[in-house]
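Participant: Enclosed is the structure file data_10.cif (mmCIF, C-alpha atoms and all ligand atoms).
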```cif
data_input
loop_
_atom_site.label_atom_id
_atom_site.label_comp_id
_atom_site.auth_asym_id
_atom_site.auth_seq_id
_atom_site.Cartn_x
_atom_site.Cartn_y
_atom_site.Cartn_z
CA MET A 1 51.22 57.04 -74.17
CA ASN A 2 49.08 58.91 -76.67
CA SER A 3 51.14 60.93 -79.12
CA LYS A 4 48.14 63.00 -80.28
CA GLU A 5 45.43 64.72 -78.30
CA SER A 6 42.36 62.47 -78.14
CA ARG A 7 38.88 63.50 -79.17
CA LYS A 8 36.10 62.01 -77.06
CA ILE A 9 33.00 60.32 -78.42
CA ASN A 10 29.95 58.61 -76.90
CA LEU A 11 28.56 55.24 -77.96
CA TYR A 12 24.80 54.66 -78.07
CA GLY A 13 23.94 50.96 -77.85
CA ALA A 14 25.68 48.48 -75.51
CA SER A 15 25.60 45.64 -78.03
CA GLY A 16 27.99 43.00 -79.40
CA HIS A 17 28.57 45.45 -82.24
CA ALA A 18 29.59 48.06 -79.65
CA LYS A 19 32.26 45.67 -78.33
CA VAL A 20 33.86 45.58 -81.77
CA ILE A 21 33.67 49.37 -81.99
CA LEU A 22 35.53 49.55 -78.66
CA ASP A 23 38.17 47.35 -80.29
CA ILE A 24 38.42 49.73 -83.24
CA ILE A 25 38.90 52.63 -80.87
CA SER A 26 41.57 50.75 -78.94
CA THR A 27 43.67 50.81 -82.15
CA LEU A 28 43.33 54.59 -82.60
CA ASP A 29 45.52 56.98 -80.65
CA ASP A 30 43.33 60.03 -81.27
CA VAL A 31 39.89 58.78 -80.14
CA GLU A 32 38.56 57.72 -76.75
CA VAL A 33 35.13 56.75 -75.48
CA ALA A 34 33.66 59.07 -72.87
CA TYR A 35 30.34 57.34 -72.11
CA ILE A 36 28.30 54.38 -73.31
CA PHE A 37 24.48 54.58 -73.32
CA ASP A 38 21.64 52.13 -73.73
CA ASP A 39 17.85 52.56 -73.50
CA ASP A 40 17.60 49.21 -71.77
CA THR A 41 18.12 50.03 -68.10
CA SER A 42 18.81 46.36 -67.30
CA VAL A 43 22.11 46.69 -69.23
CA THR A 44 24.52 48.28 -66.78
CA THR A 45 27.94 47.23 -68.08
CA LEU A 46 29.69 46.44 -71.34
CA LEU A 47 33.11 44.79 -71.09
CA ASP A 48 33.47 46.15 -67.56
CA ARG A 49 32.58 49.68 -68.62
CA GLU A 50 29.59 51.43 -67.08
CA VAL A 51 26.51 51.81 -69.29
CA LEU A 52 24.33 54.87 -68.65
CA SER A 53 20.65 55.50 -69.24
CA PRO A 54 20.23 58.29 -71.83
CA SER A 55 17.12 59.65 -70.09
CA VAL A 56 18.93 60.00 -66.75
CA HIS A 57 22.20 61.36 -68.21
CA GLN A 58 20.97 63.66 -70.97
CA ASP A 59 23.75 66.17 -70.20
CA LYS A 60 26.47 63.57 -70.76
CA LEU A 61 24.73 62.30 -73.89
CA ASN A 62 24.94 65.74 -75.46
CA GLU A 63 28.53 66.34 -74.36
CA TYR A 64 30.34 64.49 -77.18
CA PRO A 65 29.62 63.33 -80.76
CA LEU A 66 27.84 59.99 -80.98
CA ILE A 67 28.37 56.72 -82.76
CA ILE A 68 25.19 54.64 -82.88
CA SER A 69 26.61 51.25 -81.93
CA VAL A 70 23.80 48.87 -82.89
CA GLY A 71 24.02 46.33 -85.70
CA SER A 72 20.45 46.57 -87.02
CA ASN A 73 20.26 49.02 -89.94
CA LEU A 74 16.66 49.89 -89.14
CA LEU A 75 17.29 50.51 -85.44
CA ARG A 76 20.37 52.58 -86.23
CA GLU A 77 18.32 54.76 -88.55
CA GLN A 78 15.51 55.12 -85.99
CA LEU A 79 18.01 56.15 -83.30
CA VAL A 80 19.69 58.68 -85.60
CA ASN A 81 16.28 60.23 -86.29
CA GLN A 82 15.36 60.15 -82.60
CA LEU A 83 18.67 61.82 -81.69
CA ALA A 84 18.58 64.29 -84.57
CA SER A 85 19.60 67.19 -82.34
CA SER A 86 22.85 65.40 -81.39
CA SER A 87 26.09 65.63 -83.27
CA PHE A 88 27.55 62.46 -84.75
CA SER A 89 31.18 61.40 -84.84
CA LYS A 90 33.18 61.20 -88.02
CA ALA A 91 33.80 57.65 -89.23
CA LEU A 92 35.90 55.23 -87.16
CA VAL A 93 38.31 52.99 -89.08
CA HIS A 94 40.25 50.11 -87.48
CA SER A 95 43.98 50.59 -87.88
CA SER A 96 44.29 47.28 -89.80
CA ALA A 97 41.76 48.29 -92.49
CA GLN A 98 43.18 49.23 -95.89
CA ILE A 99 41.46 52.38 -97.10
CA SER A 100 42.34 54.24 -100.29
CA LYS A 101 43.13 57.92 -99.83
CA GLU A 102 40.60 58.53 -102.61
CA THR A 103 37.66 57.34 -100.55
CA ASP A 104 34.91 59.18 -98.72
CA ILE A 105 33.47 57.58 -95.56
CA LEU A 106 30.73 59.70 -94.02
CA GLU A 107 29.84 60.41 -90.38
CA GLY A 108 28.75 57.68 -88.02
CA SER A 109 30.17 54.84 -90.13
CA VAL A 110 32.51 52.20 -88.76
CA VAL A 111 35.08 50.08 -90.57
CA MET A 112 36.12 46.86 -88.87
CA PRO A 113 39.46 44.97 -88.81
CA LEU A 114 41.01 43.94 -92.15
CA ALA A 115 38.32 45.55 -94.29
CA VAL A 116 39.47 46.96 -97.66
CA ILE A 117 37.90 49.99 -99.35
CA ASN A 118 39.39 50.94 -102.70
CA ALA A 119 39.68 54.13 -104.70
CA SER A 120 36.78 56.41 -105.65
CA THR A 121 34.32 54.57 -103.43
CA LYS A 122 31.90 56.47 -101.22
CA ILE A 123 30.42 55.04 -98.03
CA GLY A 124 27.33 56.83 -96.69
CA THR A 125 26.42 57.80 -93.13
CA HIS A 126 26.04 55.37 -90.19
CA GLY A 127 27.20 52.34 -92.17
CA ILE A 128 29.07 49.23 -91.12
CA ILE A 129 31.88 47.77 -93.21
CA ASN A 130 32.46 44.63 -91.21
CA SER A 131 35.57 42.53 -90.59
CA GLY A 132 37.41 41.44 -93.73
CA ALA A 133 34.81 42.87 -96.13
CA VAL A 134 36.10 44.19 -99.46
CA VAL A 135 34.48 47.17 -101.17
CA GLU A 136 36.20 47.67 -104.50
CA HIS A 137 36.79 50.86 -106.53
CA ASP A 138 34.05 53.21 -107.74
CA CYS A 139 31.28 51.86 -105.51
CA ARG A 140 28.41 53.99 -104.15
CA ILE A 141 27.24 52.69 -100.78
CA GLY A 142 24.18 54.43 -99.27
CA ASP A 143 23.35 55.39 -95.68
CA PHE A 144 22.62 52.80 -92.94
CA VAL A 145 24.11 49.96 -95.00
CA HIS A 146 25.75 46.93 -93.37
CA ILE A 147 28.31 44.97 -95.37
CA SER A 148 28.89 41.86 -93.28
CA PRO A 149 32.14 40.03 -92.61
CA LYS A 150 34.02 38.77 -95.69
CA ALA A 151 31.48 40.07 -98.19
CA CYS A 152 33.01 41.15 -101.51
CA ILE A 153 31.56 44.13 -103.37
CA CYS A 154 33.18 44.31 -106.82
CA GLY A 155 33.98 47.53 -108.69
CA GLY A 156 31.29 50.00 -109.74
CA VAL A 157 28.51 48.52 -107.56
CA SER A 158 25.83 50.73 -106.02
CA ILE A 159 23.93 49.79 -102.86
CA GLY A 160 20.89 51.73 -101.64
CA ASN A 161 20.10 53.00 -98.14
CA GLY A 162 19.35 50.48 -95.41
CA THR A 163 20.49 47.40 -97.33
CA HIS A 164 22.13 44.49 -95.53
CA ILE A 165 24.71 42.39 -97.39
CA GLY A 166 25.13 39.02 -95.64
CA ALA A 167 28.40 37.43 -94.57
CA GLY A 168 30.54 36.18 -97.44
CA ALA A 169 28.18 37.40 -100.19
CA THR A 170 29.68 38.46 -103.53
CA VAL A 171 28.27 41.25 -105.68
CA LEU A 172 29.53 41.26 -109.28
CA PRO A 173 30.87 44.41 -110.96
CA ASN A 174 28.48 47.28 -111.78
CA VAL A 175 25.42 45.62 -110.22
CA LYS A 176 22.85 47.95 -108.61
CA ILE A 177 21.27 46.81 -105.35
CA SER A 178 18.41 49.09 -104.28
CA SER A 179 17.30 50.25 -100.83
CA ASN A 180 16.25 48.12 -97.85
CA CYS A 181 17.30 44.84 -99.48
CA ILE A 182 18.54 41.78 -97.61
CA ILE A 183 21.22 39.76 -99.34
CA GLY A 184 21.65 36.31 -97.76
CA ALA A 185 24.92 35.02 -96.41
CA GLY A 186 27.01 33.53 -99.21
CA ALA A 187 24.78 34.83 -102.01
CA VAL A 188 26.28 35.63 -105.41
CA ILE A 189 24.54 38.64 -106.98
CA LEU A 190 24.75 38.61 -110.77
CA LYS A 191 22.06 41.17 -111.62
CA ASP A 192 20.28 44.22 -110.20
CA VAL A 193 18.14 43.77 -107.07
CA PRO A 194 14.91 45.83 -106.66
CA ASP A 195 13.86 47.79 -103.53
CA GLY A 196 13.07 45.65 -100.50
CA ALA A 197 14.00 42.31 -102.07
CA LYS A 198 15.41 39.46 -100.00
CA VAL A 199 17.65 37.24 -102.15
CA VAL A 200 19.73 34.12 -101.41
CA GLY A 201 21.86 31.56 -103.20
CA ASN A 202 24.19 31.29 -106.19
CA PRO A 203 22.99 32.69 -108.49
CA ALA A 204 20.89 34.74 -106.07
CA LYS A 205 17.11 34.48 -106.35
CA PRO A 206 14.38 36.31 -104.38
CA ILE A 207 12.77 34.49 -101.45
CA LYS A 208 10.40 37.26 -100.39
CA PHE A 209 9.90 40.99 -100.17
CA HIS A 210 10.02 42.50 -96.71
CA LEU A 211 9.15 46.18 -97.20
C1 LIG A 301 29.41 40.26 -86.90
C2 LIG A 301 28.13 39.58 -87.48
O1 LIG A 301 27.70 38.55 -87.08
S1 LIG A 301 27.37 40.37 -88.81
C3 LIG A 301 25.91 39.44 -89.16
C4 LIG A 301 25.88 38.94 -90.57
N1 LIG A 301 24.61 38.26 -90.75
C5 LIG A 301 24.34 37.54 -91.85
O2 LIG A 301 25.15 37.43 -92.76
C6 LIG A 301 22.97 36.90 -91.88
C7 LIG A 301 22.37 36.91 -93.28
N2 LIG A 301 21.05 36.33 -93.20
C8 LIG A 301 20.67 35.25 -93.93
O3 LIG A 301 21.43 34.70 -94.75
C9 LIG A 301 19.25 34.78 -93.65
O4 LIG A 301 19.21 33.38 -93.76
C10 LIG A 301 18.22 35.47 -94.58
C11 LIG A 301 18.01 36.89 -94.03
C12 LIG A 301 18.68 35.55 -96.00
C13 LIG A 301 16.90 34.71 -94.59
O5 LIG A 301 16.34 34.70 -93.32
P1 LIG A 301 14.76 34.34 -93.18
O6 LIG A 301 13.93 35.36 -93.87
O7 LIG A 301 14.54 34.12 -91.72
O8 LIG A 301 14.58 33.05 -94.06
P2 LIG A 301 14.45 31.52 -93.58
O9 LIG A 301 15.52 31.16 -92.60
O10 LIG A 301 13.02 31.31 -93.20
O11 LIG A 301 14.76 30.73 -94.93
C14 LIG A 301 13.89 30.78 -96.05
C15 LIG A 301 14.46 29.85 -97.10
O12 LIG A 301 15.68 30.43 -97.62
C16 LIG A 301 16.78 29.52 -97.39
N3 LIG A 301 17.93 30.35 -97.00
C17 LIG A 301 17.99 31.21 -95.95
N4 LIG A 301 19.17 31.83 -95.93
C18 LIG A 301 19.88 31.36 -96.98
C19 LIG A 301 21.17 31.64 -97.46
N5 LIG A 301 21.95 32.55 -96.87
N6 LIG A 301 21.58 30.99 -98.57
C20 LIG A 301 20.77 30.07 -99.19
N7 LIG A 301 19.52 29.77 -98.78
C21 LIG A 301 19.08 30.41 -97.67
C22 LIG A 301 16.33 28.59 -96.28
O13 LIG A 301 17.01 27.37 -96.35
C23 LIG A 301 14.86 28.47 -96.57
O14 LIG A 301 14.69 27.59 -97.65
P3 LIG A 301 13.41 26.58 -97.72
O15 LIG A 301 12.20 27.48 -97.78
O16 LIG A 301 13.66 25.82 -98.96
O17 LIG A 301 13.48 25.79 -96.46
#
```
Show this structure as structure tokens.

Facilitator:
Amino acid sequence: MNSKESRKINLYGASGHAKVILDIISTLDDVEVAYIFDDDTSVTTLLDREVLSPSVHQDKLNEYPLIISVGSNLLREQLVNQLASSSFSKALVHSSAQISKETDILEGSVVMPLAVINASTKIGTHGIINSGAVVEHDCRIGDFVHISPKACICGGVSIGNGTHIGAGATVLPNVKISSNCIIGAGAVILKDVPDGAKVVGNPAKPIKFHL
């Protein structure tokens, strides 16, 4: 039985990512999902839960704070802009994640199982710190950033808005990765990465710009 009173939230996006967010919430005794929404009217259920159309159920959509539960950074940002009159939930953190008390994680962000976020790090809005990712001390992570499973962000790193760090990538201490970059799975980032670059490999090298 819940020991604390639950706060209700809505999820927007009936995706695979949303399934993992439901798992996060299942570990929290003070949060429950009221409704799940998706623009795609052919999607009617997610893990046996009903999925509602936002245009048909506008009243329910506005009833509780939202988490945008889609994995694409760009789509998450577009939805946040589209739903600008809505309120957004404070961050959701899986109970197995290790988070320093000296950390700031802003609204709409989600932290998956076994992630570690160390002291004096700030995570922006609507981000994803995925399963087993490590974000070390004194990092500055922008808005709409996805740090994929098992990526390792060393101390003092900064990452700009909209950047995607691929699974298992490593970013060395004090490196600056700019906005809207894509860092390939398994890449090792030794030096700063400019806006919109796509880099892969060890040591990481650009393959193309995608802005
Ligand atoms: C819960 C979850 O699942 S979270 C999801 C996490 N997702 C990820 O980590 C995915 C990260 N994405 C990648 O690594 C992708 O391969 C990208 C984005 C870096 C590149 O994708 P694309 O732009 O489609 O590049 P494409 O597949 O055409 O490859 C271009 C070249 O880069 C190489 N390449 C692509 N990815 C990598 C990589 N991660 N490491 C090394 N080389 C790579 C390819 O072999 C190819 O080389 P070639 O031209 O010599 O043949």

Participant: My list of candidates is A:Leu190, A:Ile68, A:Ile153, A:Ile21. Which is closest to A:Phe88 when distances are computed with only C-alpha atoms?

Facilitator: A:Ile68

Participant: A:Val188, A:Ser148, A:Val157, A:Pro194: which is nearest A:Asn73, counting only C-alpha atoms?

Facilitator: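 Ranking A:Val188, A:Ser148, A:Val157, A:Pro194 by distance to A:Asn73, first place goes to A:Ser148.
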
Participant: I want to know what sits within 10 Å of stretch 36-52 of chain A, based on all atoms listed in the file, with residues of the same chain fewer than 2 positions away left out; could you give that as a count of residues only?

Facilitator: 25

Participant: Between chain A and ligand LIG 301 (chain A), at 10 Å or less, what are the per-residue closest atom pairs and their distances in Å? Count only C-alpha atoms and all ligand atoms, order by chain and rising residue number, and return it as JSON lines.

Facilitator:
```
{"residue": "A:Gly16", "atom": "CA", "partner": "A:LIG301", "partner_atom": "C1", "distance": 8.1}
{"residue": "A:His17", "atom": "CA", "partner": "A:LIG301", "partner_atom": "C1", "distance": 7.0}
{"residue": "A:Val20", "atom": "CA", "partner": "A:LIG301", "partner_atom": "C1", "distance": 8.6}
{"residue": "A:Gly71", "atom": "CA", "partner": "A:LIG301", "partner_atom": "S1", "distance": 7.5}
{"residue": "A:Ser72", "atom": "CA", "partner": "A:LIG301", "partner_atom": "C3", "distance": 9.2}
{"residue": "A:Met112", "atom": "CA", "partner": "A:LIG301", "partner_atom": "C1", "distance": 9.6}
{"residue": "A:Ile128", "atom": "CA", "partner": "A:LIG301", "partner_atom": "S1", "distance": 9.3}
{"residue": "A:Ile129", "atom": "CA", "partner": "A:LIG301", "partner_atom": "S1", "distance": 9.7}
{"residue": "A:Asn130", "atom": "CA", "partner": "A:LIG301", "partner_atom": "C1", "distance": 6.9}
{"residue": "A:Ser131", "atom": "CA", "partner": "A:LIG301", "partner_atom": "C1", "distance": 7.5}
{"residue": "A:His146", "atom": "CA", "partner": "A:LIG301", "partner_atom": "S1", "distance": 8.2}
{"residue": "A:Ile147", "atom": "CA", "partner": "A:LIG301", "partner_atom": "S1", "distance": 8.1}
{"residue": "A:Ser148", "atom": "CA", "partner": "A:LIG301", "partner_atom": "S1", "distance": 5.0}
{"residue": "A:Pro149", "atom": "CA", "partner": "A:LIG301", "partner_atom": "S1", "distance": 6.1}
{"residue": "A:Lys150", "atom": "CA", "partner": "A:LIG301", "partner_atom": "O2", "distance": 9.4}
{"residue": "A:Ala151", "atom": "CA", "partner": "A:LIG301", "partner_atom": "O2", "distance": 8.7}
{"residue": "A:His164", "atom": "CA", "partner": "A:LIG301", "partner_atom": "C7", "distance": 7.9}
{"residue": "A:Ile165", "atom": "CA", "partner": "A:LIG301", "partner_atom": "O2", "distance": 6.8}
{"residue": "A:Gly166", "atom": "CA", "partner": "A:LIG301", "partner_atom": "O2", "distance": 3.3}
{"residue": "A:Ala167", "atom": "CA", "partner": "A:LIG301", "partner_atom": "O2", "distance": 3.7}
{"residue": "A:Gly168", "atom": "CA", "partner": "A:LIG301", "partner_atom": "O2", "distance": 7.2}
{"residue": "A:Ala169", "atom": "CA", "partner": "A:LIG301", "partner_atom": "O2", "distance": 8.0}
{"residue": "A:Cys181", "atom": "CA", "partner": "A:LIG301", "partner_atom": "C11", "distance": 9.7}
{"residue": "A:Ile182", "atom": "CA", "partner": "A:LIG301", "partner_atom": "C11", "distance": 6.1}
{"residue": "A:Ile183", "atom": "CA", "partner": "A:LIG301", "partner_atom": "C12", "distance": 5.9}
{"residue": "A:Gly184", "atom": "CA", "partner": "A:LIG301", "partner_atom": "O3", "distance": 3.4}
{"residue": "A:Ala185", "atom": "CA", "partner": "A:LIG301", "partner_atom": "O3", "distance": 3.9}
{"residue": "A:Gly186", "atom": "CA", "partner": "A:LIG301", "partner_atom": "N5", "distance": 5.7}
{"residue": "A:Ala187", "atom": "CA", "partner": "A:LIG301", "partner_atom": "N6", "distance": 6.1}
{"residue": "A:Val188", "atom": "CA", "partner": "A:LIG301", "partner_atom": "N6", "distance": 9.5}
{"residue": "A:Lys198", "atom": "CA", "partner": "A:LIG301", "partner_atom": "C12", "distance": 6.5}
{"residue": "A:Val199", "atom": "CA", "partner": "A:LIG301", "partner_atom": "C12", "distance": 6.5}
{"residue": "A:Val200", "atom": "CA", "partner": "A:LIG301", "partner_atom": "N6", "distance": 4.6}
{"residue": "A:Gly201", "atom": "CA", "partner": "A:LIG301", "partner_atom": "C20", "distance": 4.4}
{"residue": "A:Asn202", "atom": "CA", "partner": "A:LIG301", "partner_atom": "C20", "distance": 7.9}
{"residue": "A:Pro203", "atom": "CA", "partner": "A:LIG301", "partner_atom": "C20", "distance": 9.9}
{"residue": "A:Ala204", "atom": "CA", "partner": "A:LIG301", "partner_atom": "C20", "distance": 8.3}
{"residue": "A:Lys205", "atom": "CA", "partner": "A:LIG301", "partner_atom": "C20", "distance": 9.2}
{"residue": "A:Pro206", "atom": "CA", "partner": "A:LIG301", "partner_atom": "O12", "distance": 9.1}
{"residue": "A:Ile207", "atom": "CA", "partner": "A:LIG301", "partner_atom": "O12", "distance": 6.3}
{"residue": "A:Lys208", "atom": "CA", "partner": "A:LIG301", "partner_atom": "O6", "distance": 7.7}
{"residue": "A:Phe209", "atom": "CA", "partner": "A:LIG301", "partner_atom": "O6", "distance": 9.4}
{"residue": "A:His210", "atom": "CA", "partner": "A:LIG301", "partner_atom": "O6", "distance": 8.6}
```

Participant: Enclose the full set of atoms of stretch 117-129 of chain A listed in the file within a box whose edges lie along x, y and z, apply 3 Å of padding to each of the six sides, and report centre and edge lengths in Å to one decimal as lines of an AutoDock Vina configuration file.

Facilitator:
```
center_x = 32.9
center_y = 52.8
center_z = -97.9
size_x = 19.6
size_y = 16.0
size_z = 21.5
```

Participant: I'd like the interatomic distance between atom CA of A:Ser96 and atom CA of A:Gly155, to a tenth of an Å.

Facilitator: 21.5 Å

Participant: To one decimal place in Å, what is the distance between atom CA of A:Ile99 and atom CA of A:Pro65?

Facilitator: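 So the two atoms, atom CA of A:Ile99 and atom CA of A:Pro65, lie 23.0 Å apart.
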
Participant: I'd like the interatomic distance between atom CA of A:Asn180 and atom CA of A:Cys139, to a tenth of an Å.

Facilitator: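 It comes out at 17.3 Å.
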
Participant: Can you work out which one of A:Ser87, A:Thr170, A:Ser100, A:Ser158 has the shortest atom-to-atom distance to A:Asn62, counting only C-alpha atoms?

Facilitator: A:Ser87

Participant: Which of these residues is nearest to A:Gly108, using only C-alpha atoms: A:Thr125, A:Ser178, A:Ser95, A:Ser86?

Facilitator: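 Selected residue with least distance to A:Gly108: A:Thr125.
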
Participant: Which residues are near A:Leu74? Cut-off 8 Å, all atoms listed in the file, ignore same chain within fewer than 4 positions. Put them as a compact mmCIF listing (two decimals) with C-alpha atoms, keeping the file's coordinate frame.

Facilitator:
```txt
# COMPACT_ATOMS: atom_id res chain seq x y z
CA GLN A 78 15.51 55.12 -85.99
CA PHE A 144 22.62 52.80 -92.94
CA GLY A 162 19.35 50.48 -95.41
```

Participant: Quick one: residues within 9 Å of stretch 6-8 of chain A, all atoms listed in the file, excluding same-chain residues fewer than 4 positions away - as a VMD selection string?

Facilitator: chain A and resid 2 29 to 35 64 to 65

Participant: For A:Ala97, which residue among A:Gly132, A:Gly156, A:Gly142, A:Gly124 is the nearest when counting only C-alpha atoms?

Facilitator: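 Checking each of A:Gly132, A:Gly156, A:Gly142, A:Gly124 against A:Ala97, counting only C-alpha atoms, the winner is A:Gly132.
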
Participant: Just checking: using all atoms listed in the file, which residue out of A:Ser53, A:Ser120, A:Thr27, A:Asn161 ends up closest to A:Glu102?

Facilitator: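 The shortest atom-to-atom distance to A:Glu102 comes from A:Ser120.
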
Participant: List every protein, DNA or RNA residue that has an atom no more than 8 Å from (37.3, 53.4, -89.7) in the file's coordinate frame, counting all atoms listed in the file, and report them as a VMD selection string.

Facilitator: chain A and resid 24 91 to 95 97 109 to 112
